[in-house]
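Source file: upload02.cif; contents: mmCIF, C-alpha atoms and all ligand atoms.
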```cif
data_work
#
loop_
_atom_site.label_atom_id
_atom_site.label_comp_id
_atom_site.auth_asym_id
_atom_site.auth_seq_id
_atom_site.Cartn_x
_atom_site.Cartn_y
_atom_site.Cartn_z
CA MET G 29 121.55 36.76 152.94
CA LYS G 30 120.47 33.30 151.94
CA LYS G 31 120.83 32.67 148.22
CA SER G 32 117.44 31.00 148.15
CA VAL G 33 115.72 34.25 149.07
CA VAL G 34 117.31 36.00 146.10
CA MET G 35 116.33 33.15 143.82
CA MET G 36 112.80 33.34 145.05
CA ALA G 37 112.78 37.09 144.61
CA LEU G 38 113.64 36.53 140.97
CA GLY G 39 110.96 33.94 140.56
CA ALA G 40 108.31 35.74 142.54
CA GLY G 41 107.07 37.71 139.56
CA LEU G 42 105.79 34.44 138.21
CA LEU G 43 104.36 33.39 141.53
CA ALA G 44 102.70 36.65 142.46
CA ASN G 45 99.43 35.92 140.72
CA GLY G 46 99.14 32.23 141.35
CA ALA G 47 98.86 31.01 144.90
CA MET G 48 101.44 28.39 145.74
CA ALA G 49 100.37 25.15 147.27
CA ALA G 50 99.80 26.04 150.89
CA ASP G 51 102.05 23.33 152.31
CA THR G 52 105.12 24.60 150.46
CA GLU G 53 104.53 28.26 151.24
CA SER G 54 107.36 29.45 153.44
CA GLN G 55 107.50 32.85 155.11
CA ASP G 56 109.99 34.00 152.44
CA VAL G 57 107.62 33.17 149.61
CA LYS G 58 104.69 34.68 151.46
CA MET G 59 106.53 37.96 152.08
CA ILE G 60 107.96 38.16 148.56
CA ASN G 61 104.49 37.65 147.14
CA LEU G 62 103.07 40.30 149.45
CA ALA G 63 105.80 42.73 148.35
CA HIS G 64 104.95 42.05 144.71
CA GLN G 65 101.21 42.33 145.22
CA SER G 66 101.65 45.58 147.14
CA GLY G 67 103.86 47.18 144.49
CA CYS G 68 106.89 47.57 146.80
CA VAL G 69 109.20 45.92 144.28
CA THR G 70 108.54 48.65 141.73
CA CYS G 71 110.91 50.75 143.82
CA HIS G 72 112.76 48.27 146.04
CA SER G 73 114.97 45.30 145.36
CA ILE G 74 115.60 42.77 148.06
CA ALA G 75 119.33 42.19 147.53
CA SER G 76 121.82 45.08 147.79
CA GLY G 77 123.83 46.26 144.84
CA GLY G 78 121.20 46.56 142.14
CA SER G 79 120.73 49.74 140.15
CA GLY G 80 117.55 51.52 139.20
CA PRO G 81 116.13 52.31 135.77
CA ALA G 82 118.69 53.50 133.20
CA GLY G 83 121.57 52.70 135.56
CA LEU G 84 120.51 55.34 138.08
CA LYS G 85 120.67 54.68 141.78
CA PRO G 86 117.80 52.46 142.88
CA ILE G 87 114.54 54.34 143.47
CA GLY G 88 114.26 53.07 147.04
CA PRO G 89 116.88 51.35 149.22
CA ALA G 90 117.44 47.61 148.80
CA TRP G 91 115.81 45.86 151.72
CA GLN G 92 119.06 44.16 152.69
CA ASP G 93 120.53 47.65 153.13
CA VAL G 94 117.52 48.65 155.22
CA ALA G 95 118.16 45.64 157.46
CA LYS G 96 121.83 46.60 157.87
CA LYS G 97 121.09 50.25 158.57
CA TYR G 98 118.56 49.58 161.32
CA LYS G 99 119.93 46.41 162.88
CA ASP G 100 120.95 48.13 166.11
CA GLN G 101 118.02 50.50 166.36
CA GLU G 102 115.53 49.27 168.92
CA ASP G 103 112.44 51.07 167.69
CA ALA G 104 113.16 50.29 164.03
CA GLN G 105 110.24 47.91 163.63
CA GLU G 106 107.68 50.44 164.81
CA ALA G 107 109.28 53.42 163.04
CA LEU G 108 109.50 51.60 159.72
CA VAL G 109 105.94 50.30 159.89
CA THR G 110 104.78 53.90 160.34
CA THR G 111 106.90 55.06 157.39
CA VAL G 112 105.70 52.22 155.17
CA LEU G 113 102.04 53.03 155.93
CA ASN G 114 102.26 56.83 155.90
CA GLY G 115 105.14 57.41 153.48
CA SER G 116 108.32 59.36 154.07
CA SER G 117 109.07 63.06 153.93
CA PRO G 118 111.20 64.35 151.05
CA TYR G 119 112.54 66.97 153.47
CA ALA G 120 113.79 64.39 155.95
CA SER G 121 115.14 61.65 153.73
CA HIS G 122 116.84 58.75 155.49
CA TRP G 123 118.56 57.73 152.25
CA LYS G 124 119.67 61.08 150.82
CA GLY G 125 122.23 60.59 148.08
CA GLU G 126 121.87 56.83 148.18
CA VAL G 127 118.63 56.45 146.25
CA SER G 128 117.08 58.24 143.29
CA GLY G 129 113.57 58.45 144.74
CA PHE G 130 112.79 61.59 146.74
CA ALA G 131 110.34 59.98 149.11
CA MET G 132 108.15 56.95 149.55
CA PRO G 133 104.44 57.50 148.98
CA PRO G 134 102.01 56.23 151.64
CA ASN G 135 101.35 52.51 151.17
CA SER G 136 98.33 52.26 153.46
CA VAL G 137 96.13 52.08 150.36
CA VAL G 138 97.65 48.73 149.39
CA ILE G 139 98.73 47.19 152.67
CA ASN G 140 97.18 47.08 156.15
CA LYS G 141 98.99 47.52 159.45
CA GLU G 142 99.30 43.80 160.17
CA GLN G 143 100.74 43.11 156.73
CA ALA G 144 103.15 46.04 157.06
CA ASN G 145 104.23 44.78 160.46
CA GLU G 146 104.89 41.28 159.12
CA LEU G 147 106.71 42.58 156.04
CA VAL G 148 108.93 44.97 158.00
CA GLY G 149 109.76 42.20 160.49
CA TRP G 150 110.85 40.05 157.58
CA ILE G 151 112.81 42.92 155.94
CA LEU G 152 114.71 43.62 159.17
CA HIS G 153 116.08 40.08 159.21
CA LEU G 154 117.37 40.08 155.63
CA ALA G 155 120.91 40.99 156.69
CA ASP G 156 121.23 38.08 159.14
C1 LIG A 1 107.13 54.69 144.52
C2 LIG A 1 108.31 54.04 145.07
C3 LIG A 1 108.16 53.23 146.35
C4 LIG A 1 107.25 52.24 146.66
C5 LIG A 1 106.09 51.74 145.81
C6 LIG A 1 107.63 51.74 147.95
N1 LIG A 1 108.73 52.40 148.43
FE1 LIG A 1 109.68 52.05 150.20
N2 LIG A 1 110.91 53.63 149.82
C7 LIG A 1 110.94 54.40 148.67
C8 LIG A 1 111.93 55.45 148.82
C9 LIG A 1 112.28 56.51 147.79
C10 LIG A 1 112.50 55.28 150.10
C11 LIG A 1 113.59 56.14 150.77
C12 LIG A 1 112.93 57.15 151.70
C13 LIG A 1 113.94 58.07 152.35
O1 LIG A 1 114.85 58.54 151.66
O2 LIG A 1 113.81 58.33 153.57
C14 LIG A 1 111.84 54.12 150.70
C15 LIG A 1 112.14 53.63 151.96
C16 LIG A 1 111.63 52.46 152.50
C17 LIG A 1 112.03 51.87 153.76
C18 LIG A 1 113.07 52.48 154.70
C19 LIG A 1 112.47 53.68 155.40
C20 LIG A 1 113.43 54.47 156.26
O3 LIG A 1 112.96 55.29 157.06
O4 LIG A 1 114.66 54.29 156.15
C21 LIG A 1 111.29 50.73 153.93
C22 LIG A 1 111.32 49.76 155.11
C23 LIG A 1 110.41 50.61 152.78
N3 LIG A 1 110.64 51.68 151.94
C24 LIG A 1 109.51 49.58 152.59
C25 LIG A 1 108.54 49.57 151.58
C26 LIG A 1 107.44 48.62 151.50
C27 LIG A 1 107.19 47.49 152.49
C28 LIG A 1 106.73 48.95 150.38
C29 LIG A 1 105.46 48.29 149.85
C30 LIG A 1 104.32 48.18 150.75
C31 LIG A 1 107.37 50.10 149.77
N4 LIG A 1 108.47 50.44 150.52
C32 LIG A 1 106.94 50.72 148.60
C33 LIG A 1 110.16 54.21 147.56
C34 LIG A 1 109.09 53.32 147.47
#
```
Just dump the structure as structure tokens.
Ligand code: HEC
Amino acid sequence: MKKSVVMMALGAGLLANGAMAADTESQDVKMINLAHQSGCVTCHSIASGGSGPAGLKPIGPAWQDVAKKYKDQEDAQEALVTTVLNGSSPYASHWKGEVSGFAMPPNSVVINKEQANELVGWILHLAD
């Protein structure tokens, strides 16, 4: 992954509340801000390899790992948008043993379908 995305991820906490000048707003910044505003980053990091609170496994999978896992799956975009909006089932975890969270709650209260679609599209390219 591009280093700049990681740097922006680190800086995005500061940017989340203040809109950046429109002409400098790249897709990376836009998506990182959306992830912050929607609360995704409470449970997800963007870059692989981070740990969760108190050194536990991360709560949810790093988005770079998500990109790697689904890179060859054709319906990944659609399937992940559905999971992001509706949440995941603790009985059918896709990340069993790899994360400390049992399941993802539904995010449709904070993000609409178009936003989820754009964010998932961006996530799926993070391993390029
Ligand atoms: C409360 C914690 C939490 C929040 C908030 C959260 N997630 Fe998750 N997310 C998880 C967990 C836990 C998993 C792993 C689910 C599993 O094991 O199948 C996950 C999995 C995922 C996956 C992979 C799903 C799969 O089937 O492999 C994607 C993509 C994702 N989250 C995106 C998002 C986005 C986008 C947001 C914000 C709109 C978000 N998450 C908010 C906890 C969270």
Closest-contact table, chain G side, partner ligand LIG 1 (chain A), 7 Å, counting only C-alpha atoms and all ligand atoms, as JSON lines:
```
{"residue": "G:Ala63", "atom": "CA", "partner": "A:LIG1", "partner_atom": "C29", "distance": 5.8}
{"residue": "G:Ser66", "atom": "CA", "partner": "A:LIG1", "partner_atom": "C30", "distance": 5.2}
{"residue": "G:Gly67", "atom": "CA", "partner": "A:LIG1", "partner_atom": "C5", "distance": 5.2}
{"residue": "G:Cys68", "atom": "CA", "partner": "A:LIG1", "partner_atom": "C29", "distance": 3.4}
{"residue": "G:Val69", "atom": "CA", "partner": "A:LIG1", "partner_atom": "C5", "distance": 6.8}
{"residue": "G:Thr70", "atom": "CA", "partner": "A:LIG1", "partner_atom": "C5", "distance": 5.7}
{"residue": "G:Cys71", "atom": "CA", "partner": "A:LIG1", "partner_atom": "C2", "distance": 4.4}
{"residue": "G:His72", "atom": "CA", "partner": "A:LIG1", "partner_atom": "N1", "distance": 6.2}
{"residue": "G:Ile87", "atom": "CA", "partner": "A:LIG1", "partner_atom": "C9", "distance": 5.3}
{"residue": "G:Gly88", "atom": "CA", "partner": "A:LIG1", "partner_atom": "C8", "distance": 3.8}
{"residue": "G:Pro89", "atom": "CA", "partner": "A:LIG1", "partner_atom": "C15", "distance": 5.9}
{"residue": "G:Trp91", "atom": "CA", "partner": "A:LIG1", "partner_atom": "C22", "distance": 6.8}
{"residue": "G:Val94", "atom": "CA", "partner": "A:LIG1", "partner_atom": "C18", "distance": 5.9}
{"residue": "G:Leu108", "atom": "CA", "partner": "A:LIG1", "partner_atom": "C22", "distance": 5.3}
{"residue": "G:Thr111", "atom": "CA", "partner": "A:LIG1", "partner_atom": "O3", "distance": 6.1}
{"residue": "G:Val112", "atom": "CA", "partner": "A:LIG1", "partner_atom": "C25", "distance": 5.3}
{"residue": "G:Ser116", "atom": "CA", "partner": "A:LIG1", "partner_atom": "O2", "distance": 5.6}
{"residue": "G:Ser117", "atom": "CA", "partner": "A:LIG1", "partner_atom": "O2", "distance": 6.7}
{"residue": "G:Pro118", "atom": "CA", "partner": "A:LIG1", "partner_atom": "O1", "distance": 6.9}
{"residue": "G:Ala120", "atom": "CA", "partner": "A:LIG1", "partner_atom": "O2", "distance": 6.5}
{"residue": "G:Ser121", "atom": "CA", "partner": "A:LIG1", "partner_atom": "O2", "distance": 3.6}
{"residue": "G:His122", "atom": "CA", "partner": "A:LIG1", "partner_atom": "O2", "distance": 3.6}
{"residue": "G:Trp123", "atom": "CA", "partner": "A:LIG1", "partner_atom": "O1", "distance": 3.8}
{"residue": "G:Lys124", "atom": "CA", "partner": "A:LIG1", "partner_atom": "O1", "distance": 5.5}
{"residue": "G:Val127", "atom": "CA", "partner": "A:LIG1", "partner_atom": "C9", "distance": 6.5}
{"residue": "G:Ser128", "atom": "CA", "partner": "A:LIG1", "partner_atom": "C9", "distance": 6.8}
{"residue": "G:Gly129", "atom": "CA", "partner": "A:LIG1", "partner_atom": "C9", "distance": 3.8}
{"residue": "G:Phe130", "atom": "CA", "partner": "A:LIG1", "partner_atom": "C9", "distance": 5.2}
{"residue": "G:Ala131", "atom": "CA", "partner": "A:LIG1", "partner_atom": "C9", "distance": 4.2}
{"residue": "G:Met132", "atom": "CA", "partner": "A:LIG1", "partner_atom": "C7", "distance": 3.9}
{"residue": "G:Pro133", "atom": "CA", "partner": "A:LIG1", "partner_atom": "C1", "distance": 5.9}
{"residue": "G:Asn135", "atom": "CA", "partner": "A:LIG1", "partner_atom": "C30", "distance": 5.3}
{"residue": "G:Val138", "atom": "CA", "partner": "A:LIG1", "partner_atom": "C30", "distance": 6.8}
{"residue": "G:Ile139", "atom": "CA", "partner": "A:LIG1", "partner_atom": "C30", "distance": 6.0}
{"residue": "G:Ala144", "atom": "CA", "partner": "A:LIG1", "partner_atom": "C27", "distance": 6.3}
{"residue": "G:Leu147", "atom": "CA", "partner": "A:LIG1", "partner_atom": "C27", "distance": 6.1}
{"residue": "G:Val148", "atom": "CA", "partner": "A:LIG1", "partner_atom": "C22", "distance": 6.1}
```
Within 9 Å of His153 of chain G, counting all atoms listed in the file, which residues qualify if same-chain residues fewer than 2 places away don't, as a PDB file with C-alpha atoms, keeping the file's coordinate frame?
```
ATOM      1  CA  MET G  29     121.550  36.760 152.940  1.00  0.00           C
ATOM      2  CA  GLN G  92     119.060  44.160 152.690  1.00  0.00           C
ATOM      3  CA  ALA G  95     118.160  45.640 157.460  1.00  0.00           C
ATOM      4  CA  LYS G  96     121.830  46.600 157.870  1.00  0.00           C
ATOM      5  CA  LYS G  99     119.930  46.410 162.880  1.00  0.00           C
ATOM      6  CA  VAL G 148     108.930  44.970 158.000  1.00  0.00           C
ATOM      7  CA  GLY G 149     109.760  42.200 160.490  1.00  0.00           C
ATOM      8  CA  TRP G 150     110.850  40.050 157.580  1.00  0.00           C
ATOM      9  CA  ILE G 151     112.810  42.920 155.940  1.00  0.00           C
ATOM     10  CA  ALA G 155     120.910  40.990 156.690  1.00  0.00           C
ATOM     11  CA  ASP G 156     121.230  38.080 159.140  1.00  0.00           C
TER      12      ASP G 156
END
```
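Atom pair atom CA of Ser76 of chain G / atom CA of Gly125 of chain G has a distance of 15.5 Å (rounded to one decimal).
Between Ile74 of chain G and the residues G:Leu154, G:Asp103, G:Thr110, G:Asn61, the shortest atom-to-atom distance, using all atoms listed in the file, involves G:Leu154.
Atom to atom, atom CA of Asp93 of chain G and atom CA of Ser73 of chain G stand 9.8 Å apart.
Across the structure, atom CA of Ser136 of chain G and atom CA of Asn114 of chain G are spaced 6.5 Å apart.
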Edge lengths and centre in Å to one decimal, as lines of an AutoDock Vina configuration file, is what I'm after for the box along x, y and z that holds all listed atoms of segment 69-83 of chain G once 6 Å is added on each side.
```
center_x = 116.2
center_y = 47.8
center_z = 140.6
size_x = 27.3
size_y = 23.3
size_z = 26.9
```
message = Restricting the calculation to all atoms listed in the file: of G:Leu152, G:Leu62, G:Lys97, G:Val57, which residue gets closest to Asn140 of chain G?
response = G:Leu62
